[in-house]
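Novice: Input structure: run36.json, which contains JSON, C-alpha atoms and all ligand atoms.
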[["chain", "number", "residue", "atom", "x", "y", "z"],
["A", 1104, "MET", "CA", 9.10, 9.73, -3.20],
["A", 1105, "ARG", "CA", 8.68, 7.87, -6.48],
["A", 1106, "ILE", "CA", 6.18, 5.00, -6.65],
["A", 1107, "ASP", "CA", 5.87, 2.85, -9.77],
["A", 1108, "VAL", "CA", 2.80, 0.62, -10.05],
["A", 1109, "LEU", "CA", 2.56, -2.29, -12.48],
["A", 1110, "SER", "CA", -0.93, -3.54, -13.28],
["A", 1111, "ILE", "CA", -3.01, -4.93, -16.13],
["A", 1112, "PHE", "CA", -5.61, -2.30, -15.19],
["A", 1113, "PRO", "CA", -3.60, 0.94, -15.09],
["A", 1114, "GLY", "CA", -6.75, 3.00, -15.65],
["A", 1115, "TRP", "CA", -8.02, 1.81, -12.28],
["A", 1116, "PHE", "CA", -5.72, 4.35, -10.62],
["A", 1117, "ASP", "CA", -7.00, 7.39, -12.57],
["A", 1118, "GLY", "CA", -9.78, 8.31, -10.15],
["A", 1119, "PRO", "CA", -8.91, 7.58, -6.54],
["A", 1120, "LEU", "CA", -5.28, 8.54, -6.69],
["A", 1121, "THR", "CA", -5.71, 11.87, -8.42],
["A", 1122, "SER", "CA", -8.18, 13.35, -5.92],
["A", 1123, "SER", "CA", -7.83, 14.74, -2.42],
["A", 1124, "LEU", "CA", -4.52, 15.02, -0.53],
["A", 1125, "LEU", "CA", -3.00, 12.23, -2.60],
["A", 1126, "GLY", "CA", -3.68, 14.19, -5.78],
["A", 1127, "ARG", "CA", -2.15, 17.27, -4.17],
["A", 1128, "ALA", "CA", 0.96, 15.29, -3.16],
["A", 1129, "ALA", "CA", 1.27, 14.14, -6.77],
["A", 1130, "GLY", "CA", 0.64, 17.68, -8.00],
["A", 1131, "ASP", "CA", 3.30, 19.35, -5.87],
["A", 1132, "GLY", "CA", 5.95, 16.71, -6.58],
["A", 1133, "THR", "CA", 6.01, 15.12, -3.12],
["A", 1134, "LEU", "CA", 4.73, 11.95, -4.75],
["A", 1135, "ASP", "CA", 5.93, 10.94, -8.20],
["A", 1136, "LEU", "CA", 3.38, 8.24, -9.06],
["A", 1137, "ARG", "CA", 3.91, 6.32, -12.30],
["A", 1138, "VAL", "CA", 1.38, 3.66, -13.31],
["A", 1139, "HIS", "CA", 2.45, 1.18, -15.98],
["A", 1140, "ASP", "CA", 0.46, -1.30, -18.08],
["A", 1141, "LEU", "CA", 2.04, -4.74, -17.61],
["A", 1142, "ARG", "CA", 0.83, -5.69, -21.09],
["A", 1143, "ASP", "CA", 3.39, -3.28, -22.57],
["A", 1144, "TRP", "CA", 5.98, -6.02, -21.86],
["A", 1145, "THR", "CA", 4.16, -8.86, -23.61],
["A", 1146, "THR", "CA", 5.42, -10.45, -26.83],
["A", 1147, "ASP", "CA", 2.36, -11.98, -28.52],
["A", 1148, "ARG", "CA", -0.45, -10.33, -30.40],
["A", 1149, "HIS", "CA", -2.95, -11.17, -27.65],
["A", 1150, "ARG", "CA", -0.72, -9.36, -25.12],
["A", 1151, "SER", "CA", -0.95, -12.36, -22.77],
["A", 1152, "VAL", "CA", 0.26, -11.97, -19.21],
["A", 1153, "ASP", "CA", -0.97, -15.34, -17.91],
["A", 1154, "ASP", "CA", -0.87, -19.04, -18.67],
["A", 1155, "ALA", "CA", -2.19, -22.34, -17.27],
["A", 1156, "PRO", "CA", -0.53, -23.57, -14.07],
["A", 1157, "TYR", "CA", 2.12, -26.28, -14.24],
["A", 1158, "GLY", "CA", 0.69, -29.32, -12.45],
["A", 1159, "GLY", "CA", -2.84, -28.42, -13.48],
["A", 1160, "GLY", "CA", -5.60, -26.92, -11.42],
["A", 1161, "ALA", "CA", -8.06, -24.09, -11.69],
["A", 1162, "GLY", "CA", -7.29, -20.58, -12.83],
["A", 1163, "MET", "CA", -4.40, -18.92, -14.58],
["A", 1164, "VAL", "CA", -1.00, -17.80, -13.30],
["A", 1165, "MET", "CA", 0.76, -14.55, -14.22],
["A", 1166, "ARG", "CA", 3.93, -15.19, -16.25],
["A", 1167, "ALA", "CA", 7.34, -14.63, -14.72],
["A", 1168, "ASP", "CA", 9.04, -13.61, -17.98],
["A", 1169, "VAL", "CA", 6.63, -10.71, -18.47],
["A", 1170, "TRP", "CA", 7.00, -9.51, -14.86],
["A", 1171, "VAL", "CA", 10.81, -9.76, -14.94],
["A", 1172, "ALA", "CA", 11.01, -7.79, -18.19],
["A", 1173, "ALA", "CA", 8.61, -5.15, -16.84],
["A", 1174, "CYS", "CA", 10.45, -4.74, -13.55],
["A", 1175, "GLU", "CA", 13.93, -4.54, -15.09],
["A", 1176, "SER", "CA", 12.57, -1.93, -17.47],
["A", 1177, "VAL", "CA", 10.88, 0.15, -14.76],
["A", 1178, "TRP", "CA", 13.75, -0.18, -12.27],
["A", 1179, "ASN", "CA", 16.23, 1.11, -14.86],
["A", 1180, "ASP", "CA", 13.94, 3.58, -16.66],
["A", 1181, "LEU", "CA", 14.33, 1.68, -19.91],
["A", 1182, "PRO", "CA", 11.56, 1.55, -22.54],
["A", 1183, "PRO", "CA", 9.65, -1.76, -22.82],
["A", 1184, "SER", "CA", 11.33, -2.51, -26.18],
["A", 1185, "VAL", "CA", 14.72, -2.97, -24.43],
["A", 1186, "THR", "CA", 13.63, -5.74, -22.07],
["A", 1187, "THR", "CA", 10.61, -7.37, -23.70],
["A", 1188, "GLY", "CA", 11.22, -10.92, -24.88],
["A", 1189, "ASP", "CA", 14.92, -10.86, -23.95],
["A", 1190, "PRO", "CA", 15.80, -13.77, -21.67],
["A", 1191, "ASP", "CA", 18.95, -11.94, -20.48],
["A", 1192, "PRO", "CA", 19.13, -8.93, -18.21],
["A", 1193, "PRO", "CA", 19.61, -5.60, -20.02],
["A", 1194, "ALA", "CA", 23.27, -4.77, -20.64],
["A", 1195, "ASP", "CA", 24.80, -2.42, -18.04],
["A", 1196, "ALA", "CA", 21.55, -2.20, -16.08],
["A", 1197, "ALA", "CA", 22.02, -0.99, -12.52],
["A", 1198, "TYR", "CA", 19.15, -3.14, -11.29],
["A", 1199, "VAL", "CA", 18.48, -6.72, -12.34],
["A", 1200, "ALA", "CA", 16.22, -9.53, -11.16],
["A", 1201, "GLY", "CA", 17.95, -11.52, -8.46],
["A", 1202, "GLY", "CA", 20.38, -8.68, -7.80],
["A", 1203, "ASP", "CA", 20.40, -5.16, -6.45],
["A", 1204, "ARG", "CA", 17.00, -3.54, -7.00],
["A", 1205, "PRO", "CA", 14.66, -0.86, -5.63],
["A", 1206, "ARG", "CA", 12.22, -1.88, -2.91],
["A", 1207, "THR", "CA", 9.67, -3.95, -4.85],
["A", 1208, "LEU", "CA", 6.47, -5.13, -3.21],
["A", 1209, "VAL", "CA", 4.31, -7.94, -4.49],
["A", 1210, "LEU", "CA", 0.79, -7.49, -3.13],
["A", 1211, "THR", "CA", -0.39, -10.90, -1.98],
["A", 1212, "PRO", "CA", -2.66, -12.30, 0.75],
["A", 1213, "ARG", "CA", 0.25, -14.40, 2.00],
["A", 1214, "GLY", "CA", 2.46, -11.33, 2.56],
["A", 1215, "ARG", "CA", 3.54, -9.44, 5.65],
["A", 1216, "PRO", "CA", 0.49, -7.64, 7.01],
["A", 1217, "LEU", "CA", 0.50, -3.91, 6.27],
["A", 1218, "THR", "CA", 0.68, -2.01, 9.55],
["A", 1219, "GLN", "CA", 1.34, 1.62, 10.42],
["A", 1220, "ALA", "CA", 4.88, 0.57, 11.39],
["A", 1221, "LEU", "CA", 5.47, -0.99, 7.96],
["A", 1222, "ALA", "CA", 3.98, 2.08, 6.26],
["A", 1223, "ALA", "CA", 6.38, 4.28, 8.25],
["A", 1224, "GLU", "CA", 9.29, 2.05, 7.22],
["A", 1225, "LEU", "CA", 8.28, 2.22, 3.54],
["A", 1226, "ALA", "CA", 7.87, 6.00, 3.76],
["A", 1227, "THR", "CA", 11.63, 6.33, 4.35],
["A", 1228, "GLU", "CA", 12.41, 4.84, 0.91],
["A", 1229, "ASP", "CA", 13.18, 7.03, -2.13],
["A", 1230, "ARG", "CA", 11.44, 4.57, -4.43],
["A", 1231, "LEU", "CA", 8.84, 1.83, -4.24],
["A", 1232, "VAL", "CA", 7.65, -0.49, -6.99],
["A", 1233, "LEU", "CA", 4.26, -2.14, -6.46],
["A", 1234, "LEU", "CA", 3.22, -5.26, -8.38],
["A", 1235, "CYS", "CA", -0.51, -5.92, -8.67],
["A", 1236, "GLY", "CA", -1.40, -9.56, -9.20],
["A", 1237, "ARG", "CA", -4.57, -10.94, -10.81],
["A", 1238, "TYR", "CA", -6.02, -14.41, -11.49],
["A", 1239, "GLU", "CA", -4.57, -17.10, -9.18],
["A", 1240, "GLY", "CA", -1.54, -14.92, -8.52],
["A", 1241, "ILE", "CA", 1.99, -14.55, -9.85],
["A", 1242, "ASP", "CA", 4.55, -17.23, -10.79],
["A", 1243, "GLU", "CA", 6.65, -18.02, -7.72],
["A", 1244, "ARG", "CA", 9.88, -17.01, -9.48],
["A", 1245, "VAL", "CA", 8.72, -13.40, -9.45],
["A", 1246, "HIS", "CA", 8.46, -13.62, -5.67],
["A", 1247, "GLU", "CA", 11.99, -15.06, -5.58],
["A", 1248, "LEU", "CA", 13.78, -12.94, -8.21],
["A", 1249, "VAL", "CA", 11.93, -9.64, -8.30],
["A", 1250, "ALA", "CA", 10.17, -8.97, -5.00],
["A", 1251, "THR", "CA", 12.00, -7.55, -2.03],
["A", 1252, "ASP", "CA", 8.80, -7.77, 0.04],
["A", 1253, "GLU", "CA", 5.44, -9.51, 0.00],
["A", 1254, "VAL", "CA", 2.69, -7.38, 1.53],
["A", 1255, "SER", "CA", -0.90, -8.19, 2.44],
["A", 1256, "VAL", "CA", -3.58, -5.64, 3.26],
["A", 1257, "GLY", "CA", -5.65, -8.09, 5.30],
["A", 1258, "ASP", "CA", -6.82, -11.62, 5.82],
["A", 1259, "TYR", "CA", -9.25, -11.71, 2.91],
["A", 1260, "VAL", "CA", -8.88, -12.22, -0.84],
["A", 1261, "LEU", "CA", -9.45, -9.41, -3.35],
["A", 1262, "PHE", "CA", -9.94, -9.76, -7.11],
["A", 1263, "GLY", "CA", -6.59, -8.11, -7.71],
["A", 1264, "GLY", "CA", -3.69, -6.18, -6.25],
["A", 1265, "GLU", "CA", -4.86, -2.73, -7.39],
["A", 1266, "VAL", "CA", -6.95, -2.01, -4.29],
["A", 1267, "ALA", "CA", -4.13, -3.31, -2.11],
["A", 1268, "ALA", "CA", -1.59, -1.11, -3.92],
["A", 1269, "ALA", "CA", -3.85, 1.90, -3.41],
["A", 1270, "VAL", "CA", -3.98, 1.14, 0.31],
["A", 1271, "VAL", "CA", -0.18, 1.00, 0.48],
["A", 1272, "ILE", "CA", 0.14, 4.23, -1.51],
["A", 1273, "GLU", "CA", -2.31, 6.09, 0.77],
["A", 1274, "ALA", "CA", -0.81, 4.77, 4.00],
["A", 1275, "VAL", "CA", 2.73, 5.65, 2.89],
["A", 1276, "THR", "CA", 2.05, 8.98, 1.20],
["A", 1277, "ARG", "CA", 0.28, 10.53, 4.17],
["A", 1278, "LEU", "CA", 3.45, 9.92, 6.20],
["A", 1279, "LEU", "CA", 5.63, 11.91, 3.78],
["A", 1280, "PRO", "CA", 6.67, 15.29, 5.16],
["A", 1281, "GLY", "CA", 4.19, 18.07, 4.39],
["A", 1282, "VAL", "CA", 1.39, 15.91, 2.99],
["A", 1283, "VAL", "CA", -0.87, 16.04, 6.05],
["A", 1284, "GLY", "CA", -1.19, 19.46, 7.71],
["A", 1285, "ASN", "CA", -0.26, 20.11, 11.35],
["A", 1286, "ASP", "CA", -3.90, 20.06, 12.39],
["A", 1287, "ALA", "CA", -4.07, 16.32, 11.67],
["A", 1288, "SER", "CA", -0.63, 15.10, 12.57],
["A", 1289, "PRO", "CA", -0.11, 11.41, 11.68],
["A", 1290, "GLN", "CA", 1.83, 11.00, 14.96],
["A", 1291, "ASP", "CA", -1.43, 11.43, 16.95],
["A", 1292, "GLU", "CA", -3.44, 8.95, 14.94],
["A", 1293, "SER", "CA", -4.54, 5.39, 15.51],
["A", 1294, "PHE", "CA", -1.69, 2.84, 15.74],
["A", 1295, "SER", "CA", 1.14, 5.43, 15.80],
["A", 1296, "SER", "CA", 1.07, 5.47, 19.59],
["A", 1297, "GLY", "CA", 0.13, 1.79, 19.82],
["A", 1298, "LEU", "CA", -3.48, 2.73, 20.62],
["A", 1299, "LEU", "CA", -6.66, 3.38, 18.65],
["A", 1300, "GLU", "CA", -7.55, 7.04, 18.48],
["A", 1301, "TYR", "CA", -9.94, 8.74, 20.92],
["A", 1302, "PRO", "CA", -13.43, 9.84, 19.70],
["A", 1303, "HIS", "CA", -13.88, 13.22, 17.95],
["A", 1304, "TYR", "CA", -16.80, 15.68, 18.18],
["A", 1305, "THR", "CA", -17.63, 18.95, 16.42],
["A", 1306, "ARG", "CA", -20.58, 21.39, 16.25],
["A", 1307, "PRO", "CA", -23.50, 21.26, 16.73],
["A", 1308, "ALA", "CA", -23.39, 20.57, 20.47],
["A", 1309, "GLU", "CA", -26.47, 18.35, 20.28],
["A", 1310, "VAL", "CA", -27.68, 15.95, 17.57],
["A", 1311, "ARG", "CA", -30.95, 13.99, 18.06],
["A", 1312, "GLY", "CA", -30.61, 14.37, 21.80],
["A", 1313, "GLN", "CA", -26.98, 13.26, 21.85],
["A", 1314, "GLY", "CA", -24.67, 15.77, 23.47],
["A", 1315, "VAL", "CA", -20.91, 16.13, 23.70],
["A", 1316, "PRO", "CA", -18.78, 14.98, 26.68],
["A", 1317, "SER", "CA", -18.71, 18.01, 28.97],
["A", 1318, "VAL", "CA", -14.95, 17.86, 29.45],
["A", 1319, "LEU", "CA", -14.47, 18.85, 25.80],
["A", 1320, "THR", "CA", -16.27, 22.16, 26.32],
["A", 1321, "SER", "CA", -14.73, 22.83, 29.77],
["A", 1322, "GLY", "CA", -11.74, 24.76, 28.47],
["A", 1323, "ASP", "CA", -9.48, 22.65, 30.73],
["A", 1324, "HIS", "CA", -6.82, 21.45, 28.27],
["A", 1325, "GLY", "CA", -5.17, 19.15, 30.81],
["A", 1326, "ALA", "CA", -8.48, 17.45, 31.52],
["A", 1327, "VAL", "CA", -9.18, 17.13, 27.78],
["A", 1328, "ASP", "CA", -5.78, 15.47, 27.24],
["A", 1329, "ARG", "CA", -6.38, 13.04, 30.12],
["A", 1330, "TRP", "CA", -9.88, 12.22, 28.88],
["A", 1331, "ARG", "CA", -8.58, 11.54, 25.35],
["A", 1332, "GLU", "CA", -5.82, 9.30, 26.65],
["A", 1333, "ASP", "CA", -8.27, 7.35, 28.82],
["A", 1334, "GLN", "CA", -10.70, 7.00, 25.92],
["A", 1335, "ALA", "CA", -7.96, 5.77, 23.58],
["A", 1336, "ARG", "CA", -6.82, 3.20, 26.13],
["A", 1337, "GLU", "CA", -10.38, 2.03, 26.88],
["A", 1338, "LEU", "CA", -11.35, 1.77, 23.20],
["A", 1339, "THR", "CA", -8.20, -0.22, 22.48],
["A", 1340, "ARG", "CA", -8.79, -2.49, 25.47],
["A", 1341, "ARG", "CA", -12.35, -3.23, 24.33],
["A", 1342, "ARG", "CA", -11.84, -3.48, 20.57],
["A", 1343, "ARG", "CA", -8.20, -4.36, 19.95],
["A", 1344, "PRO", "CA", -6.64, -5.81, 23.11],
["A", 1345, "ASP", "CA", -4.05, -7.45, 20.85],
["A", 1346, "LEU", "CA", -2.46, -4.00, 20.38],
["A", 1347, "LEU", "CA", -1.79, -3.57, 24.12],
["A", 1348, "PRO", "CA", 1.20, -5.01, 25.97],
["A", 1349, "PRO", "CA", 0.18, -8.23, 27.82],
["A", 1350, "ASP", "CA", 0.19, -6.60, 31.27],
["A", 1351, "ALA", "CA", -2.02, -3.65, 30.15],
["A", 1352, "THR", "CA", -5.18, -5.63, 29.37],
["B", 1, "LIG", "N1", -4.84, -17.47, -5.23],
["B", 1, "LIG", "C1", -4.45, -16.42, -4.34],
["B", 1, "LIG", "C2", -4.50, -16.92, -2.90],
["B", 1, "LIG", "O1", -5.27, -17.80, -2.60],
["B", 1, "LIG", "O2", -3.76, -16.36, -2.07],
["B", 1, "LIG", "C3", -5.35, -15.20, -4.47],
["B", 1, "LIG", "C4", -5.17, -14.47, -5.75],
["B", 1, "LIG", "S1", -6.14, -12.99, -5.85],
["B", 1, "LIG", "C5", -7.62, -13.56, -6.58],
["B", 1, "LIG", "C6", -5.39, -12.10, -7.14],
["B", 1, "LIG", "C7", -4.43, -11.01, -6.68],
["B", 1, "LIG", "O3", -5.08, -10.10, -5.83],
["B", 1, "LIG", "C8", -3.22, -11.47, -5.92],
["B", 1, "LIG", "O4", -2.19, -11.93, -6.77],
["B", 1, "LIG", "C9", -2.81, -10.20, -5.18],
["B", 1, "LIG", "O5", -2.01, -9.37, -5.97],
["B", 1, "LIG", "C10", -4.15, -9.52, -4.94],
["B", 1, "LIG", "N2", -4.67, -9.68, -3.57],
["B", 1, "LIG", "C11", -5.78, -10.34, -3.20],
["B", 1, "LIG", "N3", -6.00, -10.27, -1.89],
["B", 1, "LIG", "C12", -4.98, -9.52, -1.38],
["B", 1, "LIG", "C13", -4.64, -9.11, -0.07],
["B", 1, "LIG", "N4", -5.38, -9.43, 0.99],
["B", 1, "LIG", "N5", -3.54, -8.35, 0.09],
["B", 1, "LIG", "C14", -2.77, -8.01, -0.98],
["B", 1, "LIG", "N6", -3.05, -8.39, -2.25],
["B", 1, "LIG", "C15", -4.13, -9.14, -2.46]]
Take the structure in this file and express it as structure tokens.

Specialist:
Amino acid sequence: MRIDVLSIFPGWFDGPLTSSLLGRAAGDGTLDLRVHDLRDWTTDRHRSVDDAPYGGGAGMVMRADVWVAACESVWNDLPPSVTTGDPDPPADAAYVAGGDRPRTLVLTPRGRPLTQALAAELATEDRLVLLCGRYEGIDERVHELVATDEVSVGDYVLFGGEVAAAVVIEAVTRLLPGVVGNDASPQDESFSSGLLEYPHYTRPAEVRGQGVPSVLTSGDHGAVDRWREDQARELTRRRRPDLLPPDAT
């Protein structure tokens, strides 16, 4: 899968996304992650990506012309010089704003909440483009002309979309075939079955007087499976009853 990220802080992605399983997915070609600096599509010497809001008010708004140029460039693999400052779509471009385009997500608190189901849906795409907002957010015309989706990572407000994009990238990438080994199959994890996951234990058998549920050391695999299912159901009932069907609470 190819994921393009557009941000005014491209360096933000250097650390977290190059380590661990995500780094391995990028290293073996499962994930083709390309991070772009939005300022490469600016036209003035200050490389401005924002301006004061029409109608007044606090804060700055990210400019639609810069985002449109950046997205048409990235969608079509064209260098910034082709789209920057041009009010028209690039000639013969396969993908244009307002038309056919790869799945393009604006990260925004007002978006569709990211769930495991949405991550699974996104993991079936060949390409994703993630737009990281800053300041007060992005000009509404980018939402209308460029975005195919608006996605939120939770009911809180972050400084910018970079953390949210990283959450989407992690949630999606670990569902790509071969990224997570068989010993930790994503199908068994929280939310995939509609339940939170059961508790895990490993050696040592006792820590500060706390032991391990005896069923886990009984060798009875059927009993272990039943115990895990009961635990998952009970944890979900206590902590996230909203995940259960109405008649199961
Ligand atoms: N004024 C906006 C509002 O009230 O909804 C918040 C803007 S926030 C300070 C700047 C950027 O951070 C947003 O454009 C978005 O890209 C990102 N962001 C903040 N919280 C987010 C969330 N919960 N989910 C996804 N993106 C978020």

Novice: Can you tell me which residues come within 6 Å of ligand LIG 1 (chain B) when counting only C-alpha atoms and all ligand atoms, ideally as an MDAnalysis selection string?

Specialist: chainID A and resid 1210:1212 1235:1241 1255:1264 1267

Novice: Name the residues in contact with region 1287-1296 of chain A at a cut-off of 12 Å, using only C-alpha atoms, excluding same-chain residues fewer than 4 positions from it; report them as a VMD selection string.

Specialist: chain A and resid 1217 to 1223 1274 to 1283 1300 to 1303 1328 1331 to 1332 1335 to 1336 1338 to 1339 1343 1345 to 1347

Novice: What separation in Å, quoted to one decimal, exists between CA of Thr1305 (chain A) and CA of Thr1121 (chain A)?

Specialist: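 A separation of 28.4 Å between them.
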
Novice: Considering all atoms listed in the file, state which residue in the set A:Arg1329, A:Arg1142, A:Arg1244, A:Arg1166 is at the smallest distance from Pro1113 (chain A).

Specialist: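 Closest candidate: A:Arg1142.
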
Novice: Pick out the residues sitting within 9 Å of region 1200-1204 of chain A, and hand them over as a compact mmCIF listing (two decimals) with C-alpha atoms, in the coordinates of the input; count all atoms listed in the file, and ignore anything fewer than 5 positions along from it in its own chain.

Specialist:
# COMPACT_ATOMS: atom_id res chain seq x y z
CA VAL A 1171 10.81 -9.76 -14.94
CA ALA A 1172 11.01 -7.79 -18.19
CA CYS A 1174 10.45 -4.74 -13.55
CA GLU A 1175 13.93 -4.54 -15.09
CA TRP A 1178 13.75 -0.18 -12.27
CA PRO A 1192 19.13 -8.93 -18.21
CA VAL A 1245 8.72 -13.40 -9.45
CA GLU A 1247 11.99 -15.06 -5.58
CA LEU A 1248 13.78 -12.94 -8.21
CA VAL A 1249 11.93 -9.64 -8.30
CA ALA A 1250 10.17 -8.97 -5.00
CA THR A 1251 12.00 -7.55 -2.03

Novice: What is the distance, in Å and to one decimal place, between CA of Ser1123 (chain A) and CA of Val1209 (chain A)?

Specialist: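 These two atoms are separated by 25.8 Å.
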
Novice: Compile the contact shell of Asp1107 (chain A) as a compact mmCIF listing (two decimals) with C-alpha atoms, in the coordinates of the input: residues with an atom at most 8 Å away, counting all atoms listed in the file, same-chain residues fewer than 3 positions apart removed.

Specialist:
# COMPACT_ATOMS: atom_id res chain seq x y z
CA LEU A 1136 3.38 8.24 -9.06
CA ARG A 1137 3.91 6.32 -12.30
CA VAL A 1138 1.38 3.66 -13.31
CA HIS A 1139 2.45 1.18 -15.98
CA VAL A 1177 10.88 0.15 -14.76
CA ARG A 1230 11.44 4.57 -4.43
CA LEU A 1231 8.84 1.83 -4.24
CA VAL A 1232 7.65 -0.49 -6.99
CA LEU A 1233 4.26 -2.14 -6.46

Novice: From the options A:Asp1154, A:Asp1333, A:Glu1273, A:Asp1140, which residue's atoms come nearest to Ala1226 (chain A), counting only C-alpha atoms?

Specialist: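 Ranking A:Asp1154, A:Asp1333, A:Glu1273, A:Asp1140 by distance to Ala1226 (chain A), first place goes to A:Glu1273.
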
Novice: Compute the distance from (-3.7, 8.6, -5.0) to each atom, counting only C-alpha atoms, keep the residues with any atom at most 7 Å away, and return them as a list of chain:residue names; use the coordinates of the file.

Specialist: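 The residues that fall inside the cut-off are A:Pro1119, A:Leu1120, A:Thr1121, A:Ser1122, A:Leu1125, A:Gly1126, A:Ala1269, A:Ile1272, A:Glu1273.
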
Novice: Can you tell me how far CA of Leu1234 (chain A) sits from CA of Thr1146 (chain A), in Å to one decimal?

Specialist: 19.3 Å

Novice: Rank nothing, just name the residue among A:Ala1308, A:Ala1326, A:Leu1141, A:Val1315 nearest to Val1169 (chain A), using all atoms listed in the file.

Specialist: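 Using all atoms listed in the file, Val1169 (chain A) sits closest to A:Leu1141.
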
Novice: Restricting the calculation to all atoms listed in the file: of A:Glu1265, A:Asp1323, A:Gly1159, A:Gly1314, which residue gets closest to Trp1115 (chain A)?

Specialist: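 Of A:Glu1265, A:Asp1323, A:Gly1159, A:Gly1314, the one nearest Trp1115 (chain A), counting all atoms listed in the file, is A:Glu1265.
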
Novice: Here is a test: counting only C-alpha atoms, which residue of A:Asp1242, A:Asp1117, A:Ala1194, A:Gly1130 is nearest to Asp1153 (chain A)?

Specialist: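 Ranked by minimum distance to Asp1153 (chain A), first place goes to A:Asp1242.
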
Novice: Quick one: residues within 10 Å of Pro1316 (chain A), all atoms listed in the file counted, chain neighbours fewer than 5 positions away excluded, as a list in words?

Specialist: Tyr1304, Ala1308, Ser1321, Val1327 and Trp1330 of chain A

Novice: Please produce a file of those selected residues containing C-alpha atoms, as a CSV table (one decimal), in the coordinates of the input.

Specialist:
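Saved the output as selection_0.csv:
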chain,number,residue,atom,x,y,z
A,1304,TYR,CA,-16.8,15.7,18.2
A,1308,ALA,CA,-23.4,20.6,20.5
A,1321,SER,CA,-14.7,22.8,29.8
A,1327,VAL,CA,-9.2,17.1,27.8
A,1330,TRP,CA,-9.9,12.2,28.9

Novice: Nearest to Ala1167 (chain A) among A:Gly1312, A:Thr1145, A:Ile1106, A:Pro1349, with distances taken over all atoms listed in the file: which residue is it?

Specialist: A:Thr1145

Novice: Kindly compute an axis-aligned box around the listed atoms of region 1140-1150 of chain A, allowing 5 Å on each side, and express its centre and edge lengths in Å to one decimal as lines of an AutoDock Vina configuration file.

Specialist:
center_x = 1.5
center_y = -6.6
center_z = -24.0
size_x = 18.9
size_y = 20.7
size_z = 22.8
